[in-house]
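Chemist: File query_18.pdb follows (PDB, C-alpha atoms):
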```pdb
ATOM      1  CA  MET A  51      87.364  38.041 116.314
ATOM      2  CA  ILE A  52      89.954  35.357 116.911
ATOM      3  CA  MET A  53      89.429  32.467 119.326
ATOM      4  CA  LEU A  54      92.472  31.221 121.259
ATOM      5  CA  ALA A  55      92.091  28.289 123.652
ATOM      6  CA  GLY A  56      88.638  29.371 124.778
ATOM      7  CA  PHE A  57      89.527  33.062 125.001
ATOM      8  CA  SER A  58      88.242  35.606 122.531
ATOM      9  CA  VAL A  59      90.604  38.263 121.263
ATOM     10  CA  VAL A  60      89.108  41.376 119.746
ATOM     11  CA  SER A  61      91.288  43.239 117.300
ATOM     12  CA  ALA A  62      90.985  47.022 117.373
ATOM     13  CA  GLN A  63      90.036  49.009 114.306
ATOM     14  CA  TRP A  64      91.060  52.521 113.433
ATOM     15  CA  ILE A  65      88.137  54.655 112.329
ATOM     16  CA  LYS A  66      88.896  57.843 110.433
ATOM     17  CA  GLN A  67      87.075  60.857 111.866
ATOM     18  CA  LYS A  68      85.825  63.609 109.548
ATOM     19  CA  VAL A  69      86.301  67.070 111.025
ATOM     20  CA  ASP A  70      85.645  70.276 109.078
ATOM     21  CA  THR A  71      88.772  72.282 109.951
ATOM     22  CA  ALA A  72      92.058  73.284 108.349
ATOM     23  CA  ALA A  73      93.729  73.696 111.760
ATOM     24  CA  SER A  74      96.790  71.697 112.664
ATOM     25  CA  LEU A  75      95.736  69.887 115.830
ATOM     26  CA  ARG A  76      98.191  69.824 118.741
ATOM     27  CA  GLY A  77      96.274  68.992 121.907
ATOM     28  CA  LEU A  78      93.919  66.169 122.828
ATOM     29  CA  SER A  79      91.955  65.394 125.966
ATOM     30  CA  VAL A  80      89.796  62.284 126.215
ATOM     31  CA  VAL A  81      87.273  62.552 129.055
ATOM     32  CA  ASN A  82      85.519  59.260 128.308
ATOM     33  CA  GLU A  83      84.354  57.193 125.324
ATOM     34  CA  LYS A  84      81.898  59.926 124.306
ATOM     35  CA  VAL A  85      83.512  63.267 125.276
ATOM     36  CA  ILE A  86      86.731  64.299 123.537
ATOM     37  CA  TRP A  87      88.294  67.737 123.127
ATOM     38  CA  ALA A  88      91.120  68.828 120.789
ATOM     39  CA  SER A  89      92.994  72.088 120.209
ATOM     40  CA  GLY A  90      95.209  73.519 117.508
ATOM     41  CA  THR A  91      96.363  76.405 115.379
ATOM     42  CA  GLY A  92      94.319  79.501 114.636
ATOM     43  CA  GLY A  93      92.710  79.493 118.077
ATOM     44  CA  THR A  94      90.833  76.310 117.173
ATOM     45  CA  VAL A  95      89.040  74.057 119.664
ATOM     46  CA  LEU A  96      87.053  70.927 118.779
ATOM     47  CA  ARG A  97      84.636  68.918 120.912
ATOM     48  CA  THR A  98      82.565  65.798 120.449
ATOM     49  CA  THR A  99      80.013  64.453 122.885
ATOM     50  CA  ASP A 100      79.013  61.413 120.830
ATOM     51  CA  GLY A 101      82.300  59.574 120.498
ATOM     52  CA  GLY A 102      83.370  61.333 117.300
ATOM     53  CA  LYS A 103      80.255  60.976 115.153
ATOM     54  CA  ALA A 104      79.935  64.776 115.081
ATOM     55  CA  TRP A 105      82.502  67.433 116.009
ATOM     56  CA  LYS A 106      81.823  71.024 117.002
ATOM     57  CA  VAL A 107      84.609  73.259 115.624
ATOM     58  CA  MET A 108      85.098  76.539 117.499
ATOM     59  CA  THR A 109      87.466  79.498 117.370
ATOM     60  CA  VAL A 110      88.068  81.314 120.639
ATOM     61  CA  PRO A 111      87.155  84.986 120.014
ATOM     62  CA  GLY A 112      90.291  87.160 119.950
ATOM     63  CA  ALA A 113      92.552  84.096 119.773
ATOM     64  CA  GLU A 114      92.537  83.604 115.999
ATOM     65  CA  LYS A 115      96.335  84.052 115.791
ATOM     66  CA  LEU A 116      97.161  81.807 118.750
ATOM     67  CA  ASP A 117      98.550  78.275 118.690
ATOM     68  CA  PHE A 118      96.759  76.110 121.244
ATOM     69  CA  ARG A 119      99.274  73.411 122.159
ATOM     70  CA  ASP A 120      97.415  71.655 124.952
ATOM     71  CA  ILE A 121      93.909  71.136 126.254
ATOM     72  CA  GLU A 122      92.762  69.522 129.488
ATOM     73  CA  ALA A 123      89.058  68.680 129.732
ATOM     74  CA  PHE A 124      87.125  67.474 132.756
ATOM     75  CA  ASP A 125      83.672  66.900 131.264
ATOM     76  CA  ALA A 126      81.539  67.990 128.296
ATOM     77  CA  SER A 127      81.380  71.547 129.635
ATOM     78  CA  THR A 128      84.735  72.307 131.285
ATOM     79  CA  ALA A 129      88.148  72.580 129.650
ATOM     80  CA  TYR A 130      91.378  74.568 129.974
ATOM     81  CA  ILE A 131      93.284  75.493 126.805
ATOM     82  CA  LEU A 132      96.962  76.510 126.713
ATOM     83  CA  SER A 133      98.448  78.844 124.124
ATOM     84  CA  ILE A 134     102.218  79.103 123.801
ATOM     85  CA  GLY A 135     104.052  82.020 122.215
ATOM     86  CA  ASN A 136     105.971  85.191 122.980
ATOM     87  CA  GLY A 137     104.662  87.502 125.702
ATOM     88  CA  GLU A 138     100.894  87.993 125.414
ATOM     89  CA  SER A 139     100.640  84.978 123.101
ATOM     90  CA  SER A 140     101.130  82.697 126.107
ATOM     91  CA  ARG A 141      97.686  82.352 127.681
ATOM     92  CA  ILE A 142      95.358  79.946 129.430
ATOM     93  CA  TYR A 143      91.650  79.966 128.651
ATOM     94  CA  LYS A 144      88.842  78.210 130.509
ATOM     95  CA  THR A 145      85.326  77.338 129.413
ATOM     96  CA  ASN A 146      82.501  76.175 131.660
ATOM     97  CA  ASP A 147      79.835  75.937 128.976
ATOM     98  CA  GLY A 148      81.181  73.599 126.307
ATOM     99  CA  GLY A 149      83.124  76.286 124.477
ATOM    100  CA  ASN A 150      80.311  78.788 123.997
ATOM    101  CA  ASN A 151      82.219  81.310 126.140
TER     102      ASN A 151
END
```
For the file at hand, write its structure as structure tokens.

Modeler:
Amino acid sequence: MIMLAGFSVVSAQWIKQKVDTAASLRGLSVVNEKVIWASGTGGTVLRTTDGGKAWKVMTVPGAEKLDFRDIEAFDASTAYILSIGNGESSRIYKTNDGGNN
């Protein structure tokens, strides 16, 4: 911490997050300081509810060949995931239970 004329300035630190996936991540949605969702290649979706200490890595059933380019989350349970591709490869998925279904 640096003190400047009675004001304290806090410098931010980058903290590397360990996530067990080979997916190339494309989408990110930060709900709050604890809940974060990400999406990527191979139908991959990630979610943390503890600020990144632990990540749940999921593959949407039947979407293993899809490229999720965007994700929009509203809370720890609800998120929309966008797949972009030709024809049937363009899809939107929704989960209401944290990615279990």

Chemist: From the list A:Leu116, A:Val110, A:Thr99, A:Ile86, which residue is nearest Ser74 in chain A when using only C-alpha atoms?

Modeler: A:Leu116

Chemist: Work out how far apart CA of Phe118 in chain A and CA of Gly90 in chain A are and give it in Å to one decimal.

Modeler: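 For CA of Phe118 in chain A relative to CA of Gly90 in chain A, the distance reads 4.8 Å.
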
Chemist: Could you list, as a PyMOL selection string, every residue matched by the PyMOL selection byres ((chain A and resi 102) around 10) in this structure?

Modeler: chain A and resi 65-69+83-87+97-101+103-106

Chemist: Can you measure CA of Ser139 in chain A to CA of Leu78 in chain A for me? One decimal in Å is fine.

Modeler: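 Calculated distance between CA of Ser139 in chain A and CA of Leu78 in chain A is 20.0 Å.
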
Chemist: Skip Ala72 in chain A itself and residues of its chain fewer than 6 positions away, then list as a list in words all residues within 12 Å of it, counting all atoms listed in the file.

Modeler: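 After dropping sequence-adjacent residues, the list is Ser89, Gly90, Thr91, Gly92, Gly93, Thr94, Val95, Leu96, Val107, Met108 and Thr109 of chain A.
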
Chemist: Mind listing whatever residues come within 10 Å of the point (86.5, 68.6, 131.2)? Use all atoms listed in the file, file coordinates, and give them as a tab-separated table (two decimals) with C-alpha atoms, in the frame of the given file.

Modeler:
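Once everything was written out, this is selection_1.tsv:
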```tsv
chain	number	residue	atom	x	y	z
A	79	SER	CA	91.96	65.39	125.97
A	80	VAL	CA	89.80	62.28	126.22
A	81	VAL	CA	87.27	62.55	129.06
A	82	ASN	CA	85.52	59.26	128.31
A	85	VAL	CA	83.51	63.27	125.28
A	86	ILE	CA	86.73	64.30	123.54
A	87	TRP	CA	88.29	67.74	123.13
A	121	ILE	CA	93.91	71.14	126.25
A	122	GLU	CA	92.76	69.52	129.49
A	123	ALA	CA	89.06	68.68	129.73
A	124	PHE	CA	87.12	67.47	132.76
A	125	ASP	CA	83.67	66.90	131.26
A	126	ALA	CA	81.54	67.99	128.30
A	127	SER	CA	81.38	71.55	129.64
A	128	THR	CA	84.74	72.31	131.28
A	129	ALA	CA	88.15	72.58	129.65
A	130	TYR	CA	91.38	74.57	129.97
A	144	LYS	CA	88.84	78.21	130.51
A	145	THR	CA	85.33	77.34	129.41
A	146	ASN	CA	82.50	76.18	131.66
A	148	GLY	CA	81.18	73.60	126.31
```

Chemist: Of the candidates A:Asn136, A:Arg141, A:Leu75, A:Asn150, which shows the shortest atom-to-atom distance to Pro111 in chain A, using all atoms listed in the file?

Modeler: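 With all atoms listed in the file as the atom set, the closest residue is A:Asn150.
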
Chemist: Can you report as lines of an AutoDock Vina configuration file the centre and edge lengths in Å, to one decimal, of an axis-aligned box around the listed atoms of range 122-132 of chain A padded with 6 Å on each side?

Modeler:
```
center_x = 89.2
center_y = 71.7
center_z = 129.7
size_x = 27.6
size_y = 21.6
size_z = 18.0
```

Chemist: For CA of Asp120 in chain A and CA of Asp147 in chain A, determine how far apart the two atoms are, in Å to one decimal place.

Modeler: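 The value is 18.5 Å.
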